[in-house]
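Participant: My structure is in protein28.txt, and what it holds is compact mmCIF, N, CA and C atoms:
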```txt
# COMPACT_ATOMS: atom_id res chain seq x y z
N MET A 1 91.49 -48.57 -93.39
CA MET A 1 91.22 -49.75 -92.61
C MET A 1 91.83 -50.96 -93.30
N PHE A 2 92.34 -51.89 -92.54
CA PHE A 2 92.93 -53.11 -93.05
C PHE A 2 91.87 -53.92 -93.78
N PHE A 3 92.23 -54.51 -94.91
CA PHE A 3 91.31 -55.28 -95.74
C PHE A 3 90.12 -54.43 -96.17
N GLN A 4 90.34 -53.15 -96.41
CA GLN A 4 89.22 -52.26 -96.67
C GLN A 4 88.44 -52.60 -97.93
N GLU A 5 89.01 -53.35 -98.87
CA GLU A 5 88.27 -53.71 -100.07
C GLU A 5 87.33 -54.89 -99.83
N LYS A 6 87.37 -55.49 -98.67
CA LYS A 6 86.51 -56.63 -98.37
C LYS A 6 85.10 -56.14 -98.04
N SER A 7 84.10 -56.95 -98.39
CA SER A 7 82.73 -56.62 -98.01
C SER A 7 82.58 -56.84 -96.51
N SER A 8 81.54 -56.28 -95.92
CA SER A 8 81.35 -56.42 -94.48
C SER A 8 81.15 -57.88 -94.09
N GLY A 9 80.50 -58.68 -94.96
CA GLY A 9 80.33 -60.10 -94.69
C GLY A 9 81.66 -60.84 -94.68
N ASP A 10 82.51 -60.54 -95.66
CA ASP A 10 83.84 -61.14 -95.71
C ASP A 10 84.64 -60.73 -94.48
N TRP A 11 84.56 -59.45 -94.13
CA TRP A 11 85.31 -58.94 -92.99
C TRP A 11 84.88 -59.65 -91.70
N ALA A 12 83.58 -59.85 -91.53
CA ALA A 12 83.07 -60.54 -90.34
C ALA A 12 83.56 -61.98 -90.29
N ARG A 13 83.54 -62.65 -91.44
CA ARG A 13 84.04 -64.04 -91.48
C ARG A 13 85.53 -64.10 -91.21
N MET A 14 86.29 -63.15 -91.74
CA MET A 14 87.74 -63.12 -91.50
C MET A 14 88.02 -62.94 -90.01
N LEU A 15 87.31 -62.02 -89.37
CA LEU A 15 87.51 -61.81 -87.94
C LEU A 15 87.10 -63.04 -87.13
N GLU A 16 86.06 -63.73 -87.58
CA GLU A 16 85.63 -64.95 -86.90
C GLU A 16 86.72 -66.01 -86.95
N PHE A 17 87.31 -66.21 -88.14
CA PHE A 17 88.40 -67.18 -88.26
C PHE A 17 89.61 -66.73 -87.44
N LEU A 18 89.93 -65.45 -87.50
CA LEU A 18 91.07 -64.95 -86.75
C LEU A 18 90.86 -65.12 -85.26
N GLU A 19 89.64 -64.90 -84.77
CA GLU A 19 89.36 -65.07 -83.35
C GLU A 19 89.47 -66.53 -82.94
N THR A 20 89.15 -67.45 -83.86
CA THR A 20 89.31 -68.88 -83.59
C THR A 20 90.79 -69.24 -83.49
N ILE A 21 91.58 -68.67 -84.38
CA ILE A 21 93.02 -68.94 -84.40
C ILE A 21 93.73 -68.20 -83.26
N LEU A 22 93.30 -66.98 -82.99
CA LEU A 22 93.93 -66.14 -81.99
C LEU A 22 92.84 -65.63 -81.03
N PRO A 23 92.49 -66.44 -80.01
CA PRO A 23 91.39 -66.08 -79.10
C PRO A 23 91.60 -64.71 -78.47
N GLY A 24 90.50 -64.00 -78.32
CA GLY A 24 90.55 -62.67 -77.72
C GLY A 24 90.68 -61.54 -78.72
N THR A 25 90.84 -61.88 -80.01
CA THR A 25 90.96 -60.85 -81.03
C THR A 25 89.61 -60.16 -81.21
N VAL A 26 89.60 -58.85 -81.10
CA VAL A 26 88.36 -58.10 -81.26
C VAL A 26 88.40 -57.17 -82.46
N GLY A 27 89.54 -57.08 -83.13
CA GLY A 27 89.62 -56.23 -84.30
C GLY A 27 90.99 -56.23 -84.94
N MET A 28 91.01 -55.77 -86.17
CA MET A 28 92.24 -55.59 -86.94
C MET A 28 92.11 -54.27 -87.67
N ASP A 29 93.20 -53.58 -87.78
CA ASP A 29 93.17 -52.31 -88.48
C ASP A 29 94.58 -52.03 -88.98
N SER A 30 94.73 -50.94 -89.68
CA SER A 30 96.06 -50.49 -90.08
C SER A 30 96.28 -49.12 -89.48
N ARG A 31 97.52 -48.80 -89.26
CA ARG A 31 97.86 -47.48 -88.74
C ARG A 31 99.13 -47.02 -89.42
N LYS A 32 99.30 -45.74 -89.48
CA LYS A 32 100.52 -45.19 -90.07
C LYS A 32 101.61 -45.17 -89.01
N TYR A 33 102.73 -45.75 -89.34
CA TYR A 33 103.87 -45.78 -88.44
C TYR A 33 105.06 -45.27 -89.24
N ARG A 34 105.55 -44.11 -88.86
CA ARG A 34 106.57 -43.41 -89.63
C ARG A 34 106.04 -43.20 -91.05
N ASN A 35 106.70 -43.74 -92.06
CA ASN A 35 106.23 -43.57 -93.44
C ASN A 35 105.58 -44.84 -93.99
N ASN A 36 105.23 -45.77 -93.12
CA ASN A 36 104.67 -47.04 -93.55
C ASN A 36 103.30 -47.27 -92.93
N LEU A 37 102.54 -48.18 -93.54
CA LEU A 37 101.31 -48.66 -92.92
C LEU A 37 101.65 -49.94 -92.18
N GLU A 38 101.12 -50.09 -90.99
CA GLU A 38 101.38 -51.26 -90.17
C GLU A 38 100.05 -51.88 -89.75
N ILE A 39 100.00 -53.19 -89.72
CA ILE A 39 98.81 -53.90 -89.25
C ILE A 39 98.80 -53.83 -87.73
N GLU A 40 97.61 -53.65 -87.18
CA GLU A 40 97.47 -53.58 -85.73
C GLU A 40 96.32 -54.50 -85.32
N SER A 41 96.57 -55.33 -84.32
CA SER A 41 95.57 -56.25 -83.79
C SER A 41 95.11 -55.74 -82.44
N ALA A 42 93.81 -55.83 -82.19
CA ALA A 42 93.27 -55.45 -80.88
C ALA A 42 92.82 -56.71 -80.16
N GLN A 43 93.29 -56.89 -78.93
CA GLN A 43 92.99 -58.06 -78.11
C GLN A 43 92.21 -57.64 -76.88
N ASP A 44 91.18 -58.41 -76.54
CA ASP A 44 90.40 -58.16 -75.34
C ASP A 44 91.04 -58.91 -74.18
N TRP A 45 91.65 -58.17 -73.27
CA TRP A 45 92.27 -58.75 -72.09
C TRP A 45 91.54 -58.33 -70.82
N GLU A 46 90.23 -58.08 -70.95
CA GLU A 46 89.37 -57.69 -69.84
C GLU A 46 89.88 -56.43 -69.14
N ARG A 47 90.34 -55.50 -69.92
CA ARG A 47 90.71 -54.18 -69.42
C ARG A 47 89.69 -53.19 -69.94
N SER A 48 89.84 -51.93 -69.58
CA SER A 48 88.87 -50.93 -70.02
C SER A 48 88.88 -50.77 -71.54
N GLU A 49 90.04 -50.91 -72.16
CA GLU A 49 90.15 -50.84 -73.61
C GLU A 49 90.98 -52.02 -74.11
N PRO A 50 90.72 -52.45 -75.35
CA PRO A 50 91.52 -53.54 -75.91
C PRO A 50 93.01 -53.18 -75.97
N VAL A 51 93.85 -54.19 -75.82
CA VAL A 51 95.29 -54.02 -75.94
C VAL A 51 95.63 -54.14 -77.42
N LYS A 52 96.42 -53.21 -77.94
CA LYS A 52 96.75 -53.21 -79.36
C LYS A 52 98.20 -53.63 -79.58
N PHE A 53 98.38 -54.46 -80.61
CA PHE A 53 99.70 -54.96 -80.96
C PHE A 53 100.01 -54.60 -82.40
N GLY A 54 101.19 -54.11 -82.64
CA GLY A 54 101.65 -53.87 -83.99
C GLY A 54 102.21 -55.14 -84.58
N VAL A 55 102.48 -55.11 -85.86
CA VAL A 55 102.96 -56.28 -86.58
C VAL A 55 104.28 -56.81 -86.00
N CYS A 56 105.10 -55.94 -85.44
CA CYS A 56 106.37 -56.36 -84.86
C CYS A 56 106.17 -57.21 -83.62
N ASN A 57 104.99 -57.12 -83.00
CA ASN A 57 104.71 -57.86 -81.78
C ASN A 57 103.82 -59.08 -82.02
N MET A 58 103.54 -59.39 -83.28
CA MET A 58 102.72 -60.55 -83.60
C MET A 58 103.62 -61.74 -83.92
N SER A 59 103.12 -62.92 -83.59
CA SER A 59 103.90 -64.12 -83.87
C SER A 59 103.90 -64.42 -85.36
N ASP A 60 104.84 -65.25 -85.77
CA ASP A 60 104.88 -65.68 -87.17
C ASP A 60 103.60 -66.40 -87.55
N GLY A 61 103.05 -67.19 -86.62
CA GLY A 61 101.82 -67.91 -86.88
C GLY A 61 100.64 -66.98 -87.13
N THR A 62 100.56 -65.91 -86.34
CA THR A 62 99.48 -64.93 -86.53
C THR A 62 99.61 -64.25 -87.89
N LEU A 63 100.82 -63.87 -88.24
CA LEU A 63 101.04 -63.22 -89.53
C LEU A 63 100.73 -64.16 -90.69
N ARG A 64 101.11 -65.41 -90.54
CA ARG A 64 100.81 -66.38 -91.59
C ARG A 64 99.30 -66.60 -91.71
N ALA A 65 98.60 -66.64 -90.59
CA ALA A 65 97.14 -66.78 -90.61
C ALA A 65 96.51 -65.58 -91.32
N LEU A 66 97.01 -64.39 -91.07
CA LEU A 66 96.50 -63.19 -91.75
C LEU A 66 96.71 -63.29 -93.26
N LYS A 67 97.87 -63.78 -93.65
CA LYS A 67 98.15 -63.93 -95.08
C LYS A 67 97.21 -64.95 -95.72
N LEU A 68 96.95 -66.06 -95.01
CA LEU A 68 96.01 -67.05 -95.52
C LEU A 68 94.60 -66.46 -95.67
N LEU A 69 94.17 -65.72 -94.66
CA LEU A 69 92.85 -65.09 -94.72
C LEU A 69 92.75 -64.12 -95.89
N ASP A 70 93.76 -63.32 -96.07
CA ASP A 70 93.75 -62.35 -97.16
C ASP A 70 93.75 -63.06 -98.52
N ALA A 71 94.49 -64.15 -98.63
CA ALA A 71 94.52 -64.90 -99.89
C ALA A 71 93.17 -65.52 -100.21
N VAL A 72 92.52 -66.10 -99.20
CA VAL A 72 91.24 -66.77 -99.42
C VAL A 72 90.13 -65.77 -99.75
N PHE A 73 90.16 -64.60 -99.11
CA PHE A 73 89.08 -63.62 -99.28
C PHE A 73 89.41 -62.51 -100.27
N GLN A 74 90.47 -62.68 -101.06
CA GLN A 74 90.84 -61.61 -101.99
C GLN A 74 89.76 -61.39 -103.05
N LYS A 75 89.69 -60.15 -103.50
CA LYS A 75 88.73 -59.75 -104.54
C LYS A 75 89.50 -59.16 -105.69
N PRO A 76 89.25 -59.52 -106.92
CA PRO A 76 88.36 -60.58 -107.34
C PRO A 76 88.94 -61.95 -106.97
N ALA A 77 88.06 -62.88 -106.71
CA ALA A 77 88.49 -64.22 -106.32
C ALA A 77 89.16 -64.91 -107.51
N PRO A 78 90.33 -65.52 -107.29
CA PRO A 78 91.00 -66.22 -108.39
C PRO A 78 90.27 -67.53 -108.70
N SER A 79 90.44 -68.02 -109.91
CA SER A 79 89.81 -69.29 -110.27
C SER A 79 90.52 -70.46 -109.60
N VAL A 80 91.82 -70.30 -109.29
CA VAL A 80 92.59 -71.33 -108.59
C VAL A 80 93.44 -70.64 -107.53
N LEU A 81 93.46 -71.23 -106.35
CA LEU A 81 94.29 -70.70 -105.26
C LEU A 81 95.17 -71.84 -104.75
N VAL A 82 96.48 -71.67 -104.85
CA VAL A 82 97.42 -72.69 -104.43
C VAL A 82 98.15 -72.19 -103.18
N ILE A 83 98.04 -72.96 -102.10
CA ILE A 83 98.72 -72.59 -100.86
C ILE A 83 99.57 -73.79 -100.44
N GLU A 84 100.87 -73.59 -100.46
CA GLU A 84 101.78 -74.66 -100.11
C GLU A 84 102.03 -74.68 -98.61
N CYS A 85 101.91 -75.84 -98.01
CA CYS A 85 102.18 -76.06 -96.59
C CYS A 85 101.46 -75.06 -95.68
N PRO A 86 100.13 -75.02 -95.69
CA PRO A 86 99.41 -74.06 -94.86
C PRO A 86 99.59 -74.30 -93.37
N GLU A 87 100.08 -75.48 -93.00
CA GLU A 87 100.23 -75.79 -91.57
C GLU A 87 101.53 -75.25 -90.96
N LEU A 88 102.43 -74.73 -91.79
CA LEU A 88 103.70 -74.24 -91.28
C LEU A 88 103.49 -73.02 -90.38
N THR A 89 104.17 -73.00 -89.28
CA THR A 89 104.22 -71.92 -88.29
C THR A 89 102.86 -71.59 -87.66
N ILE A 90 101.86 -72.44 -87.87
CA ILE A 90 100.57 -72.20 -87.22
C ILE A 90 100.42 -73.21 -86.10
N HIS A 91 99.97 -72.74 -84.95
CA HIS A 91 99.80 -73.59 -83.78
C HIS A 91 98.92 -74.78 -84.13
N PRO A 92 99.29 -75.99 -83.67
CA PRO A 92 98.49 -77.18 -83.99
C PRO A 92 97.01 -77.04 -83.60
N GLY A 93 96.71 -76.30 -82.55
CA GLY A 93 95.33 -76.09 -82.14
C GLY A 93 94.54 -75.25 -83.12
N ALA A 94 95.23 -74.50 -83.96
CA ALA A 94 94.55 -73.64 -84.94
C ALA A 94 94.39 -74.30 -86.30
N LEU A 95 94.98 -75.47 -86.49
CA LEU A 95 94.93 -76.11 -87.79
C LEU A 95 93.52 -76.46 -88.24
N GLY A 96 92.66 -76.82 -87.31
CA GLY A 96 91.27 -77.13 -87.66
C GLY A 96 90.59 -75.94 -88.31
N ALA A 97 90.81 -74.75 -87.76
CA ALA A 97 90.21 -73.54 -88.32
C ALA A 97 90.79 -73.25 -89.71
N VAL A 98 92.08 -73.48 -89.87
CA VAL A 98 92.72 -73.26 -91.18
C VAL A 98 92.15 -74.23 -92.21
N LEU A 99 91.98 -75.48 -91.83
CA LEU A 99 91.40 -76.47 -92.76
C LEU A 99 89.95 -76.12 -93.10
N ASP A 100 89.18 -75.65 -92.10
CA ASP A 100 87.81 -75.21 -92.40
C ASP A 100 87.82 -74.05 -93.38
N LEU A 101 88.75 -73.16 -93.21
CA LEU A 101 88.86 -71.98 -94.09
C LEU A 101 89.15 -72.39 -95.51
N LEU A 102 90.11 -73.32 -95.66
CA LEU A 102 90.51 -73.73 -97.00
C LEU A 102 89.47 -74.65 -97.62
```
Could you write out this structure as structure tokens?

Facilitator:
Amino acid sequence: MFFQEKSSGDWARMLEFLETILPGTVGMDSRKYRNNLEIESAQDWERSEPVKFGVCNMSDGTLRALKLLDAVFQKPAPSVLVIECPELTIHPGALGAVLDLL
């Protein structure tokens, strides 16, 4: 599972932030694709099952948000975390959630 070293509380908070940044997100996971692991996002589009997107179908902003979430919630937590230009490639409407996260 993606972010499998995270505690369930961290995982719930990460999904909450991700859902704020990317509305409709109901889950994140990893899957094996050929010889690699790929991140997969599940979106609720009011169908019988969530629509799943691989990393190749995610926007740069979504990928950058995932990287920010992983950096903030990494274990063990670093004593200092430096993130340069966190607003780059993230939709202006999502910046509030990113600032709350940081």

Participant: Could you tell me how far atom CA of Ile90 of chain A sits from atom CA of Arg64 of chain A, in Å to one decimal place?

Facilitator: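 We find that atom CA of Arg64 of chain A and atom CA of Ile90 of chain A lie 7.3 Å from each other.
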
Participant: Can you list, as a PyMOL selection string, every protein, DNA or RNA residue that comes within 9 Å of segment 25-42 of chain A when you count only C-alpha atoms, leaving out same-chain residues fewer than 5 positions away?

Facilitator: chain A and resi 1-3+15-16+18-20+50-56+58

Participant: How would the residues just picked look written out with N, CA and C atoms as a PDB file, in the coordinates of the input?

Facilitator:
```pdb
ATOM      1  N   MET A   1      91.490 -48.570 -93.390  1.00  0.00           N
ATOM      2  CA  MET A   1      91.220 -49.750 -92.610  1.00  0.00           C
ATOM      3  C   MET A   1      91.830 -50.960 -93.300  1.00  0.00           C
ATOM      4  N   PHE A   2      92.340 -51.890 -92.540  1.00  0.00           N
ATOM      5  CA  PHE A   2      92.930 -53.110 -93.050  1.00  0.00           C
ATOM      6  C   PHE A   2      91.870 -53.920 -93.780  1.00  0.00           C
ATOM      7  N   PHE A   3      92.230 -54.510 -94.910  1.00  0.00           N
ATOM      8  CA  PHE A   3      91.310 -55.280 -95.740  1.00  0.00           C
ATOM      9  C   PHE A   3      90.120 -54.430 -96.170  1.00  0.00           C
ATOM     10  N   LEU A  15      87.310 -62.020 -89.370  1.00  0.00           N
ATOM     11  CA  LEU A  15      87.510 -61.810 -87.940  1.00  0.00           C
ATOM     12  C   LEU A  15      87.100 -63.040 -87.130  1.00  0.00           C
ATOM     13  N   GLU A  16      86.060 -63.730 -87.580  1.00  0.00           N
ATOM     14  CA  GLU A  16      85.630 -64.950 -86.900  1.00  0.00           C
ATOM     15  C   GLU A  16      86.720 -66.010 -86.950  1.00  0.00           C
ATOM     16  N   LEU A  18      89.930 -65.450 -87.500  1.00  0.00           N
ATOM     17  CA  LEU A  18      91.070 -64.950 -86.750  1.00  0.00           C
ATOM     18  C   LEU A  18      90.860 -65.120 -85.260  1.00  0.00           C
ATOM     19  N   GLU A  19      89.640 -64.900 -84.770  1.00  0.00           N
ATOM     20  CA  GLU A  19      89.360 -65.070 -83.350  1.00  0.00           C
ATOM     21  C   GLU A  19      89.470 -66.530 -82.940  1.00  0.00           C
ATOM     22  N   THR A  20      89.150 -67.450 -83.860  1.00  0.00           N
ATOM     23  CA  THR A  20      89.310 -68.880 -83.590  1.00  0.00           C
ATOM     24  C   THR A  20      90.790 -69.240 -83.490  1.00  0.00           C
ATOM     25  N   PRO A  50      90.720 -52.450 -75.350  1.00  0.00           N
ATOM     26  CA  PRO A  50      91.520 -53.540 -75.910  1.00  0.00           C
ATOM     27  C   PRO A  50      93.010 -53.180 -75.970  1.00  0.00           C
ATOM     28  N   VAL A  51      93.850 -54.190 -75.820  1.00  0.00           N
ATOM     29  CA  VAL A  51      95.290 -54.020 -75.940  1.00  0.00           C
ATOM     30  C   VAL A  51      95.630 -54.140 -77.420  1.00  0.00           C
ATOM     31  N   LYS A  52      96.420 -53.210 -77.940  1.00  0.00           N
ATOM     32  CA  LYS A  52      96.750 -53.210 -79.360  1.00  0.00           C
ATOM     33  C   LYS A  52      98.200 -53.630 -79.580  1.00  0.00           C
ATOM     34  N   PHE A  53      98.380 -54.460 -80.610  1.00  0.00           N
ATOM     35  CA  PHE A  53      99.700 -54.960 -80.960  1.00  0.00           C
ATOM     36  C   PHE A  53     100.010 -54.600 -82.400  1.00  0.00           C
ATOM     37  N   GLY A  54     101.190 -54.110 -82.640  1.00  0.00           N
ATOM     38  CA  GLY A  54     101.650 -53.870 -83.990  1.00  0.00           C
ATOM     39  C   GLY A  54     102.210 -55.140 -84.580  1.00  0.00           C
ATOM     40  N   VAL A  55     102.480 -55.110 -85.860  1.00  0.00           N
ATOM     41  CA  VAL A  55     102.960 -56.280 -86.580  1.00  0.00           C
ATOM     42  C   VAL A  55     104.280 -56.810 -86.000  1.00  0.00           C
ATOM     43  N   CYS A  56     105.100 -55.940 -85.440  1.00  0.00           N
ATOM     44  CA  CYS A  56     106.370 -56.360 -84.860  1.00  0.00           C
ATOM     45  C   CYS A  56     106.170 -57.210 -83.620  1.00  0.00           C
ATOM     46  N   MET A  58     103.540 -59.390 -83.280  1.00  0.00           N
ATOM     47  CA  MET A  58     102.720 -60.550 -83.600  1.00  0.00           C
ATOM     48  C   MET A  58     103.620 -61.740 -83.920  1.00  0.00           C
TER      49      MET A  58
END
```

Participant: Rounded to one decimal, what separation in Å do you get between atom CA of Ala77 of chain A and atom CA of Asp10 of chain A?

Facilitator: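 Calculated distance between atom CA of Ala77 of chain A and atom CA of Asp10 of chain A is 12.0 Å.
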
Participant: When you count all atoms listed in the file, which of these residues is closest to Thr62 of chain A: A:Glu87, A:Pro92, A:Ala12, A:Leu22?

Facilitator: A:Leu22

Participant: For each of A:Leu63, A:Gly9, A:Ser48, A:Leu69, take the minimum atom-to-atom distance to Leu101 of chain A, counting all atoms listed in the file, then give the residue where this is smallest.

Facilitator: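 Result for the nearest residue to Leu101 of chain A: A:Leu69.
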
Participant: Grab the atom C of Asp60 of chain A to atom C of Ile21 of chain A distance for me, in Å with one decimal place.

Facilitator: 10.9 Å

Participant: Name the residues of chain A that fall into helix (DSSP H, G or I) according to DSSP on the backbone, using the chain letters and numbers of this document, as number ranges by chain.

Facilitator: A: 8-21, 55-57, 60-72, 92-101

Participant: Find the axis-aligned box for segment 20-26 of chain A, covering all its listed atoms and adding 6 Å on each side, and write its centre and edge lengths in Å to one decimal as lines of an AutoDock Vina configuration file.

Facilitator:
```
center_x = 91.1
center_y = -63.2
center_z = -81.1
size_x = 17.6
size_y = 24.1
size_z = 18.7
```

Participant: Model the absent atoms of segment 8-18 of chain A so that all heavy atoms are present, and write the result as an mmCIF file, in the coordinates of the input.

Facilitator:
```cif
data_model
loop_
_atom_site.group_PDB
_atom_site.id
_atom_site.type_symbol
_atom_site.label_atom_id
_atom_site.label_comp_id
_atom_site.auth_asym_id
_atom_site.auth_seq_id
_atom_site.Cartn_x
_atom_site.Cartn_y
_atom_site.Cartn_z
ATOM 1 N N SER A 8 81.540 -56.280 -95.920
ATOM 2 C CA SER A 8 81.350 -56.420 -94.480
ATOM 3 C C SER A 8 81.150 -57.880 -94.090
ATOM 4 O O SER A 8 81.577 -58.309 -93.029
ATOM 5 C CB SER A 8 80.192 -55.557 -93.999
ATOM 6 O OG SER A 8 79.001 -55.959 -94.631
ATOM 7 N N GLY A 9 80.500 -58.680 -94.960
ATOM 8 C CA GLY A 9 80.330 -60.100 -94.690
ATOM 9 C C GLY A 9 81.660 -60.840 -94.680
ATOM 10 O O GLY A 9 81.903 -61.683 -93.818
ATOM 11 N N ASP A 10 82.510 -60.540 -95.660
ATOM 12 C CA ASP A 10 83.840 -61.140 -95.710
ATOM 13 C C ASP A 10 84.640 -60.730 -94.480
ATOM 14 O O ASP A 10 85.333 -61.537 -93.875
ATOM 15 C CB ASP A 10 84.608 -60.709 -96.966
ATOM 16 C CG ASP A 10 84.124 -61.397 -98.219
ATOM 17 O OD1 ASP A 10 83.351 -62.374 -98.111
ATOM 18 O OD2 ASP A 10 84.532 -60.968 -99.311
ATOM 19 N N TRP A 11 84.560 -59.450 -94.130
ATOM 20 C CA TRP A 11 85.310 -58.940 -92.990
ATOM 21 C C TRP A 11 84.880 -59.650 -91.700
ATOM 22 O O TRP A 11 85.692 -60.047 -90.892
ATOM 23 C CB TRP A 11 85.123 -57.435 -92.878
ATOM 24 C CG TRP A 11 85.853 -56.812 -91.757
ATOM 25 C CD1 TRP A 11 85.318 -56.119 -90.719
ATOM 26 C CD2 TRP A 11 87.268 -56.811 -91.523
ATOM 27 N NE1 TRP A 11 86.302 -55.696 -89.865
ATOM 28 C CE2 TRP A 11 87.500 -56.104 -90.338
ATOM 29 C CE3 TRP A 11 88.340 -57.351 -92.217
ATOM 30 C CZ2 TRP A 11 88.778 -55.919 -89.820
ATOM 31 C CZ3 TRP A 11 89.625 -57.165 -91.697
ATOM 32 C CH2 TRP A 11 89.819 -56.461 -90.515
ATOM 33 N N ALA A 12 83.580 -59.850 -91.530
ATOM 34 C CA ALA A 12 83.070 -60.540 -90.340
ATOM 35 C C ALA A 12 83.560 -61.980 -90.290
ATOM 36 O O ALA A 12 83.961 -62.472 -89.235
ATOM 37 C CB ALA A 12 81.541 -60.485 -90.312
ATOM 38 N N ARG A 13 83.540 -62.650 -91.440
ATOM 39 C CA ARG A 13 84.040 -64.040 -91.480
ATOM 40 C C ARG A 13 85.530 -64.100 -91.210
ATOM 41 O O ARG A 13 86.006 -65.008 -90.526
ATOM 42 C CB ARG A 13 83.725 -64.669 -92.846
ATOM 43 C CG ARG A 13 82.241 -64.973 -93.002
ATOM 44 C CD ARG A 13 81.942 -65.815 -94.211
ATOM 45 N NE ARG A 13 82.572 -67.117 -94.084
ATOM 46 C CZ ARG A 13 83.093 -67.788 -95.119
ATOM 47 N NH1 ARG A 13 83.045 -67.284 -96.331
ATOM 48 N NH2 ARG A 13 83.646 -68.958 -94.938
ATOM 49 N N MET A 14 86.290 -63.150 -91.740
ATOM 50 C CA MET A 14 87.740 -63.120 -91.500
ATOM 51 C C MET A 14 88.020 -62.940 -90.010
ATOM 52 O O MET A 14 88.871 -63.632 -89.446
ATOM 53 C CB MET A 14 88.389 -62.012 -92.310
ATOM 54 C CG MET A 14 88.396 -62.276 -93.790
ATOM 55 S SD MET A 14 88.991 -60.876 -94.722
ATOM 56 C CE MET A 14 90.734 -61.003 -94.413
ATOM 57 N N LEU A 15 87.310 -62.020 -89.370
ATOM 58 C CA LEU A 15 87.510 -61.810 -87.940
ATOM 59 C C LEU A 15 87.100 -63.040 -87.130
ATOM 60 O O LEU A 15 87.729 -63.368 -86.130
ATOM 61 C CB LEU A 15 86.749 -60.574 -87.459
ATOM 62 C CG LEU A 15 87.395 -59.244 -87.775
ATOM 63 C CD1 LEU A 15 86.512 -58.091 -87.306
ATOM 64 C CD2 LEU A 15 88.782 -59.120 -87.159
ATOM 65 N N GLU A 16 86.060 -63.730 -87.580
ATOM 66 C CA GLU A 16 85.630 -64.950 -86.900
ATOM 67 C C GLU A 16 86.720 -66.010 -86.950
ATOM 68 O O GLU A 16 87.038 -66.643 -85.950
ATOM 69 C CB GLU A 16 84.342 -65.469 -87.557
ATOM 70 C CG GLU A 16 83.773 -66.706 -86.930
ATOM 71 C CD GLU A 16 82.542 -67.197 -87.676
ATOM 72 O OE1 GLU A 16 81.769 -66.354 -88.170
ATOM 73 O OE2 GLU A 16 82.363 -68.426 -87.761
ATOM 74 N N PHE A 17 87.310 -66.210 -88.140
ATOM 75 C CA PHE A 17 88.400 -67.180 -88.260
ATOM 76 C C PHE A 17 89.610 -66.730 -87.440
ATOM 77 O O PHE A 17 90.237 -67.537 -86.773
ATOM 78 C CB PHE A 17 88.812 -67.369 -89.724
ATOM 79 C CG PHE A 17 87.984 -68.368 -90.455
ATOM 80 C CD1 PHE A 17 87.052 -67.968 -91.392
ATOM 81 C CD2 PHE A 17 88.129 -69.726 -90.208
ATOM 82 C CE1 PHE A 17 86.279 -68.884 -92.070
ATOM 83 C CE2 PHE A 17 87.363 -70.660 -90.878
ATOM 84 C CZ PHE A 17 86.432 -70.242 -91.811
ATOM 85 N N LEU A 18 89.930 -65.450 -87.500
ATOM 86 C CA LEU A 18 91.070 -64.950 -86.750
ATOM 87 C C LEU A 18 90.860 -65.120 -85.260
ATOM 88 O O LEU A 18 91.781 -65.494 -84.530
ATOM 89 C CB LEU A 18 91.334 -63.484 -87.093
ATOM 90 C CG LEU A 18 92.640 -62.915 -86.543
ATOM 91 C CD1 LEU A 18 93.830 -63.709 -87.065
ATOM 92 C CD2 LEU A 18 92.778 -61.463 -86.934
#
```
